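J.: Have a look at the structure that comes next, please.
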Amino acid sequence: LVPREEIARAPENARLRVSPREIVSEAAGSYVDLYESAANARAACARGESTFDVATRAVLPSVRREYAEHIDAKEVVGRYETYFSRKGDQAQRGMNIDAAAAKLDGLILPPKRLVSFNDVVGERSEENGFHRSFEIYKGEMIEGIGGGTCQVATTFHAAAFFAGLDVPERLPHSRPSVYVPMGLDATVVFPIVDLKIKNPFNVPIVTR
(Lines give C-alpha, C1' and ligand atoms only; values in the text may rest on other atoms or scores of the structure.)
Protein backbone atom coordinates (compact mmCIF):
# COMPACT_ATOMS: atom_id res chain seq x y z
CA LEU A 1 0.00 0.00 0.00
CA VAL A 2 1.11 3.55 -0.71
CA PRO A 3 -0.12 6.48 1.45
CA ARG A 4 -2.75 8.43 -0.47
CA GLU A 5 -1.02 11.79 0.12
CA GLU A 6 2.03 10.51 -1.76
CA ILE A 7 0.13 9.83 -5.00
CA ALA A 8 -2.77 12.32 -4.86
CA ARG A 9 -1.85 15.95 -5.46
CA ALA A 10 -3.51 19.07 -6.79
CA PRO A 11 -2.53 20.36 -10.24
CA GLU A 12 -0.41 23.50 -10.45
CA ASN A 13 -1.44 26.20 -12.92
CA ALA A 14 1.06 28.05 -15.07
CA ARG A 15 2.20 31.39 -13.63
CA LEU A 16 3.35 34.67 -15.11
CA ARG A 17 5.93 36.53 -13.06
CA VAL A 18 5.86 40.11 -14.27
CA SER A 19 9.21 41.67 -13.41
CA PRO A 20 11.33 40.31 -14.96
CA ARG A 21 8.84 38.51 -17.19
CA GLU A 22 9.02 34.77 -16.58
CA ILE A 23 6.51 32.02 -17.26
CA VAL A 24 6.44 29.05 -14.92
CA SER A 25 4.96 26.00 -16.64
CA GLU A 26 2.01 24.10 -15.25
CA ALA A 27 2.16 20.68 -13.63
CA ALA A 28 -0.54 18.03 -13.77
CA GLY A 29 -2.00 16.64 -10.57
CA SER A 30 -3.43 13.24 -9.79
CA TYR A 31 -6.11 11.55 -7.75
CA VAL A 32 -6.75 8.03 -6.53
CA ASP A 33 -9.40 6.10 -8.46
CA LEU A 34 -11.05 4.37 -5.51
CA TYR A 35 -13.26 2.08 -7.61
CA GLU A 36 -10.45 0.69 -9.74
CA SER A 37 -8.16 0.47 -6.72
CA ALA A 38 -10.82 -1.51 -4.83
CA ALA A 39 -11.21 -3.83 -7.82
CA ASN A 40 -7.45 -4.34 -7.85
CA ALA A 41 -7.54 -5.12 -4.13
CA ARG A 42 -10.30 -7.71 -4.56
CA ALA A 43 -8.47 -9.33 -7.44
CA ALA A 44 -5.25 -9.47 -5.41
CA CYS A 45 -7.07 -11.09 -2.48
CA ALA A 46 -8.59 -13.68 -4.81
CA ARG A 47 -5.09 -14.55 -5.99
CA GLY A 48 -3.83 -14.76 -2.44
CA GLU A 49 -1.55 -11.75 -2.88
CA SER A 50 -0.88 -9.22 -0.14
CA THR A 51 -0.25 -6.19 -2.37
CA PHE A 52 -2.20 -4.47 -5.14
CA ASP A 53 -1.82 -1.52 -7.51
CA VAL A 54 -3.38 1.79 -6.50
CA ALA A 55 -4.97 3.28 -9.61
CA THR A 56 -4.52 6.99 -10.26
CA ARG A 57 -5.90 9.43 -12.79
CA ALA A 58 -4.38 12.68 -14.02
CA VAL A 59 -5.90 16.07 -13.14
CA LEU A 60 -5.04 18.70 -15.73
CA PRO A 61 -4.40 22.32 -14.68
CA SER A 62 -6.86 24.95 -15.85
CA VAL A 63 -4.21 27.54 -16.80
CA ARG A 64 -1.43 26.40 -19.10
CA ARG A 65 1.76 27.91 -20.46
CA GLU A 66 0.24 28.60 -23.89
CA TYR A 67 -2.41 30.78 -22.23
CA ALA A 68 0.14 32.65 -20.09
CA GLU A 69 2.33 33.44 -23.11
CA HIS A 70 -0.39 35.62 -24.63
CA ILE A 71 -1.09 37.72 -21.54
CA ASP A 72 -0.10 41.39 -21.69
CA ALA A 73 0.48 42.34 -18.05
CA LYS A 74 1.76 45.89 -18.56
CA GLU A 75 -1.24 47.79 -17.14
CA VAL A 76 -1.64 48.00 -13.35
CA VAL A 77 -5.32 47.87 -12.40
CA GLY A 78 -4.87 47.98 -8.62
CA ARG A 79 -2.20 48.01 -5.96
CA TYR A 80 -1.89 48.21 -2.20
CA GLU A 81 1.01 48.19 0.25
CA THR A 82 1.29 47.29 3.91
CA TYR A 83 4.41 47.43 6.05
CA PHE A 84 5.98 45.10 8.60
CA SER A 85 9.13 44.65 10.64
CA ARG A 86 11.78 41.95 10.37
CA LYS A 87 13.53 42.88 13.61
CA GLY A 88 13.75 40.80 16.77
CA ASP A 89 10.78 38.54 17.41
CA GLN A 90 9.18 39.74 14.16
CA ALA A 91 11.81 38.01 12.01
CA GLN A 92 9.92 34.75 11.58
CA ARG A 93 6.66 36.62 10.95
CA GLY A 94 8.45 38.41 8.11
CA MET A 95 9.57 35.06 6.73
CA ASN A 96 5.95 33.86 6.76
CA ILE A 97 4.89 36.96 4.84
CA ASP A 98 7.59 36.22 2.27
CA ALA A 99 6.45 32.60 1.97
CA ALA A 100 2.77 33.44 1.48
CA ALA A 101 3.47 36.31 -0.93
CA ALA A 102 5.73 34.09 -3.03
CA LYS A 103 2.87 31.63 -3.52
CA LEU A 104 0.69 34.47 -4.88
CA ASP A 105 3.40 35.86 -7.16
CA GLY A 106 2.49 35.26 -10.78
CA LEU A 107 -0.98 33.93 -10.05
CA ILE A 108 -3.16 34.14 -13.18
CA LEU A 109 -6.86 34.76 -12.69
CA PRO A 110 -8.69 34.25 -16.02
CA PRO A 111 -11.93 36.11 -16.79
CA LYS A 112 -14.87 35.21 -14.53
CA ARG A 113 -12.65 32.84 -12.53
CA LEU A 114 -12.68 32.51 -8.73
CA VAL A 115 -9.53 32.00 -6.66
CA SER A 116 -9.23 30.75 -3.08
CA PHE A 117 -6.40 32.16 -0.96
CA ASN A 118 -6.19 28.93 1.03
CA ASP A 119 -5.99 26.81 -2.12
CA VAL A 120 -3.13 28.91 -3.50
CA VAL A 121 -1.11 29.42 -0.31
CA GLY A 122 -1.83 26.01 1.17
CA GLU A 123 -1.54 24.70 4.68
CA ARG A 124 0.36 26.87 7.13
CA SER A 125 2.85 24.24 8.18
CA GLU A 126 6.59 23.92 8.46
CA GLU A 127 6.52 21.44 5.57
CA ASN A 128 4.94 24.17 3.42
CA GLY A 129 7.61 26.73 4.29
CA PHE A 130 6.04 28.51 7.30
CA HIS A 131 7.48 29.25 10.74
CA ARG A 132 6.26 29.71 14.29
CA SER A 133 5.16 33.28 15.03
CA PHE A 134 2.45 35.20 16.84
CA GLU A 135 -1.06 35.36 15.38
CA ILE A 136 -4.55 36.43 16.47
CA TYR A 137 -6.73 33.60 17.78
CA LYS A 138 -10.15 34.37 19.29
CA GLY A 139 -9.10 37.96 19.94
CA GLU A 140 -5.81 37.06 21.65
CA MET A 141 -2.23 36.95 20.44
CA ILE A 142 -0.86 33.40 20.59
CA GLU A 143 2.08 31.62 19.04
CA GLY A 144 1.25 29.45 16.06
CA ILE A 145 2.63 28.44 12.69
CA GLY A 146 2.13 30.92 9.86
CA GLY A 147 1.60 34.14 11.80
CA GLY A 148 1.73 37.01 9.30
CA THR A 149 -0.17 35.20 6.56
CA CYS A 150 -3.23 37.32 7.30
CA GLN A 151 -1.27 40.44 6.39
CA VAL A 152 -0.66 38.96 2.95
CA ALA A 153 -4.37 38.10 2.64
CA THR A 154 -5.25 41.64 3.75
CA THR A 155 -2.91 43.24 1.21
CA PHE A 156 -4.26 40.95 -1.52
CA HIS A 157 -7.83 41.81 -0.55
CA ALA A 158 -7.20 45.57 -0.53
CA ALA A 159 -5.45 45.49 -3.92
CA ALA A 160 -8.28 43.41 -5.38
CA PHE A 161 -10.89 45.74 -3.87
CA PHE A 162 -9.34 48.86 -5.39
CA ALA A 163 -8.89 47.04 -8.71
CA GLY A 164 -12.64 46.46 -8.88
CA LEU A 165 -12.50 42.69 -8.45
CA ASP A 166 -15.35 40.86 -6.73
CA VAL A 167 -14.88 39.57 -3.18
CA PRO A 168 -17.51 36.87 -2.58
CA GLU A 169 -15.87 35.62 0.62
CA ARG A 170 -13.95 37.61 3.21
CA LEU A 171 -13.99 37.87 7.01
CA PRO A 172 -12.42 40.64 9.16
CA HIS A 173 -10.20 40.04 12.16
CA SER A 174 -11.67 39.94 15.66
CA ARG A 175 -9.64 43.06 16.48
CA PRO A 176 -8.33 46.01 14.41
CA SER A 177 -5.08 45.51 12.51
CA VAL A 178 -2.38 48.13 12.86
CA TYR A 179 -1.20 47.79 9.27
CA VAL A 180 -4.48 48.57 7.47
CA PRO A 181 -7.61 50.71 7.99
CA MET A 182 -10.70 48.96 9.30
CA GLY A 183 -12.79 47.41 6.57
CA LEU A 184 -9.87 46.39 4.37
CA ASP A 185 -8.43 43.57 6.45
CA ALA A 186 -9.02 39.88 5.75
CA THR A 187 -8.39 37.00 8.11
CA VAL A 188 -7.59 33.49 6.88
CA VAL A 189 -7.34 30.22 8.79
CA PHE A 190 -6.50 27.08 6.86
CA PRO A 191 -8.70 25.34 5.84
CA ILE A 192 -11.87 26.82 7.35
CA VAL A 193 -11.64 30.63 6.98
CA ASP A 194 -10.85 31.74 3.46
CA LEU A 195 -10.53 34.79 1.23
CA LYS A 196 -11.99 34.36 -2.25
CA ILE A 197 -11.50 36.76 -5.13
CA LYS A 198 -13.29 36.68 -8.48
CA ASN A 199 -12.21 38.36 -11.70
CA PRO A 200 -15.34 40.04 -13.16
CA PHE A 201 -13.56 41.34 -16.25
CA ASN A 202 -13.15 39.90 -19.72
CA VAL A 203 -9.35 39.96 -19.48
CA PRO A 204 -7.03 37.96 -17.20
CA ILE A 205 -5.56 39.42 -14.02
CA VAL A 206 -2.03 38.63 -12.80
CA THR A 207 -0.83 39.16 -9.22
CA ARG A 208 2.68 40.18 -8.28
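To be explicit about the labels: the chains of the C-alpha coordinates are called A, B, and onward in the order shown, and within each one the residues are counted from 1, while ligands get numbers from 1 in the order they are shown.
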Please identify all polymer residues within 8 Å of range 126-140 of chain A, counting only C-alpha atoms, omitting same-chain residues fewer than 6 positions from it, and present them as an NGL selection string.

T.: :A and (90 or 92-93 or 95-96 or 99 or 146-148 or 173-175)

J.: Fewer than 6 positions away in the same chain doesn't count, so skip those; otherwise give me all residues within 9 Å of Val152 in chain A, counting only C-alpha atoms, as a PyMOL selection string.

T.: chain A and resi 82+97-98+100-101+186

J.: Could you turn the residues from that selection into a file that holds all heavy atoms, as a PDB file, in the first residue's frame?

T.:
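The result, written out as part01.pdb:
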ATOM      1  N   THR A  82       1.284  47.254   2.449  1.00  0.00           N
ATOM      2  CA  THR A  82       1.295  47.291   3.912  1.00  0.00           C
ATOM      3  C   THR A  82       2.739  47.084   4.363  1.00  0.00           C
ATOM      4  O   THR A  82       3.569  46.568   3.597  1.00  0.00           O
ATOM      5  CB  THR A  82       0.388  46.202   4.519  1.00  0.00           C
ATOM      6  OG1 THR A  82       0.846  44.902   4.093  1.00  0.00           O
ATOM      7  CG2 THR A  82      -1.060  46.393   4.102  1.00  0.00           C
ATOM      8  N   ILE A  97       5.438  36.043   5.845  1.00  0.00           N
ATOM      9  CA  ILE A  97       4.888  36.964   4.844  1.00  0.00           C
ATOM     10  C   ILE A  97       5.562  36.713   3.494  1.00  0.00           C
ATOM     11  O   ILE A  97       4.897  36.668   2.448  1.00  0.00           O
ATOM     12  CB  ILE A  97       5.065  38.425   5.302  1.00  0.00           C
ATOM     13  CG1 ILE A  97       4.129  38.702   6.493  1.00  0.00           C
ATOM     14  CG2 ILE A  97       4.791  39.396   4.158  1.00  0.00           C
ATOM     15  CD1 ILE A  97       4.303  40.073   7.108  1.00  0.00           C
ATOM     16  N   ASP A  98       6.869  36.535   3.509  1.00  0.00           N
ATOM     17  CA  ASP A  98       7.587  36.224   2.269  1.00  0.00           C
ATOM     18  C   ASP A  98       7.070  34.936   1.643  1.00  0.00           C
ATOM     19  O   ASP A  98       6.855  34.863   0.427  1.00  0.00           O
ATOM     20  CB  ASP A  98       9.085  36.082   2.551  1.00  0.00           C
ATOM     21  CG  ASP A  98       9.762  37.400   2.899  1.00  0.00           C
ATOM     22  OD1 ASP A  98       9.195  38.458   2.566  1.00  0.00           O
ATOM     23  OD2 ASP A  98      10.848  37.362   3.495  1.00  0.00           O
ATOM     24  N   ALA A 100       4.125  33.341   2.007  1.00  0.00           N
ATOM     25  CA  ALA A 100       2.765  33.440   1.483  1.00  0.00           C
ATOM     26  C   ALA A 100       2.723  34.303   0.227  1.00  0.00           C
ATOM     27  O   ALA A 100       2.040  33.966  -0.756  1.00  0.00           O
ATOM     28  CB  ALA A 100       1.829  33.995   2.544  1.00  0.00           C
ATOM     29  N   ALA A 101       3.452  35.417   0.235  1.00  0.00           N
ATOM     30  CA  ALA A 101       3.465  36.310  -0.932  1.00  0.00           C
ATOM     31  C   ALA A 101       4.074  35.618  -2.146  1.00  0.00           C
ATOM     32  O   ALA A 101       3.621  35.819  -3.281  1.00  0.00           O
ATOM     33  CB  ALA A 101       4.232  37.583  -0.596  1.00  0.00           C
ATOM     34  N   ALA A 186      -8.452  41.199   6.054  1.00  0.00           N
ATOM     35  CA  ALA A 186      -9.019  39.883   5.750  1.00  0.00           C
ATOM     36  C   ALA A 186      -8.274  38.838   6.571  1.00  0.00           C
ATOM     37  O   ALA A 186      -7.048  38.775   6.526  1.00  0.00           O
ATOM     38  CB  ALA A 186      -8.903  39.564   4.261  1.00  0.00           C
TER      39      ALA A 186
END

J.: Between CA of Val121 in chain A and CA of Pro20 in chain A, what is the spacing in Å?

T.: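 CA of Pro20 in chain A sits 22.1 Å away from CA of Val121 in chain A.
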
J.: Got a sec to tell me which of range 17-133 of chain A DSSP assigns to strand (DSSP E), as a list in words?

T.: Arg17, Glu22, Ile23, Val24, Gly29, Ser30, Tyr31, Val32, Thr56, Arg57, Ala58, Val59, Ile108, Leu109, Leu114, Val115, Ser116, Arg132 and Ser133 of chain A

J.: Near range 155-172 of chain A, counting only C-alpha atoms, which residues have an atom at most 6 Å away, once you skip same-chain residues fewer than 2 positions from it, shown as a PyMOL selection string?

T.: chain A and resi 77-80+152-153+184-187+195-199

J.: Let's have the selection written as a PDB file, in the first residue's frame, with N, CA and C atoms.

T.:
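Saved file result_23.pdb follows:
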ATOM      1  N   VAL A  77      -3.921  47.521 -12.649  1.00  0.00           N
ATOM      2  CA  VAL A  77      -5.322  47.865 -12.397  1.00  0.00           C
ATOM      3  C   VAL A  77      -5.596  48.135 -10.919  1.00  0.00           C
ATOM      4  N   GLY A  78      -4.701  47.724 -10.049  1.00  0.00           N
ATOM      5  CA  GLY A  78      -4.875  47.984  -8.625  1.00  0.00           C
ATOM      6  C   GLY A  78      -3.631  47.597  -7.860  1.00  0.00           C
ATOM      7  N   ARG A  79      -3.344  48.333  -6.799  1.00  0.00           N
ATOM      8  CA  ARG A  79      -2.198  48.009  -5.961  1.00  0.00           C
ATOM      9  C   ARG A  79      -2.481  48.441  -4.528  1.00  0.00           C
ATOM     10  N   TYR A  80      -1.789  47.807  -3.595  1.00  0.00           N
ATOM     11  CA  TYR A  80      -1.890  48.213  -2.196  1.00  0.00           C
ATOM     12  C   TYR A  80      -0.633  47.738  -1.477  1.00  0.00           C
ATOM     13  N   VAL A 152      -0.713  39.181   4.395  1.00  0.00           N
ATOM     14  CA  VAL A 152      -0.665  38.956   2.952  1.00  0.00           C
ATOM     15  C   VAL A 152      -2.079  38.894   2.391  1.00  0.00           C
ATOM     16  N   ALA A 153      -2.978  38.176   3.081  1.00  0.00           N
ATOM     17  CA  ALA A 153      -4.372  38.101   2.636  1.00  0.00           C
ATOM     18  C   ALA A 153      -5.011  39.481   2.636  1.00  0.00           C
ATOM     19  N   LEU A 184     -10.685  46.928   5.450  1.00  0.00           N
ATOM     20  CA  LEU A 184      -9.870  46.395   4.371  1.00  0.00           C
ATOM     21  C   LEU A 184      -9.162  45.105   4.744  1.00  0.00           C
ATOM     22  N   ASP A 185      -9.174  44.749   6.024  1.00  0.00           N
ATOM     23  CA  ASP A 185      -8.435  43.571   6.451  1.00  0.00           C
ATOM     24  C   ASP A 185      -9.178  42.290   6.075  1.00  0.00           C
ATOM     25  N   ALA A 186      -8.452  41.199   6.054  1.00  0.00           N
ATOM     26  CA  ALA A 186      -9.019  39.883   5.750  1.00  0.00           C
ATOM     27  C   ALA A 186      -8.274  38.838   6.571  1.00  0.00           C
ATOM     28  N   THR A 187      -9.007  38.063   7.326  1.00  0.00           N
ATOM     29  CA  THR A 187      -8.388  37.002   8.106  1.00  0.00           C
ATOM     30  C   THR A 187      -8.549  35.675   7.378  1.00  0.00           C
ATOM     31  N   LEU A 195     -10.312  33.579   2.012  1.00  0.00           N
ATOM     32  CA  LEU A 195     -10.533  34.794   1.228  1.00  0.00           C
ATOM     33  C   LEU A 195     -10.672  34.348  -0.220  1.00  0.00           C
ATOM     34  N   LYS A 196     -11.774  34.737  -0.860  1.00  0.00           N
ATOM     35  CA  LYS A 196     -11.988  34.356  -2.247  1.00  0.00           C
ATOM     36  C   LYS A 196     -12.184  35.601  -3.097  1.00  0.00           C
ATOM     37  N   ILE A 197     -11.479  35.637  -4.213  1.00  0.00           N
ATOM     38  CA  ILE A 197     -11.498  36.762  -5.132  1.00  0.00           C
ATOM     39  C   ILE A 197     -11.948  36.266  -6.499  1.00  0.00           C
ATOM     40  N   LYS A 198     -12.820  37.046  -7.149  1.00  0.00           N
ATOM     41  CA  LYS A 198     -13.292  36.676  -8.479  1.00  0.00           C
ATOM     42  C   LYS A 198     -12.992  37.787  -9.470  1.00  0.00           C
ATOM     43  N   ASN A 199     -12.504  37.406 -10.634  1.00  0.00           N
ATOM     44  CA  ASN A 199     -12.210  38.361 -11.703  1.00  0.00           C
ATOM     45  C   ASN A 199     -13.483  38.596 -12.513  1.00  0.00           C
TER      46      ASN A 199
END

J.: Extract, using only C-alpha atoms, all DNA, RNA and protein residues at most 12 Å from Ile7 in chain A, discarding same-chain residues fewer than 6 positions from it, and format them as a count of residues only.

T.: 13

J.: Quick one, how far is CA of Lys103 in chain A from CA of Phe190 in chain A?

T.: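 Value for the CA of Lys103 in chain A-CA of Phe190 in chain A distance: 14.7 Å.
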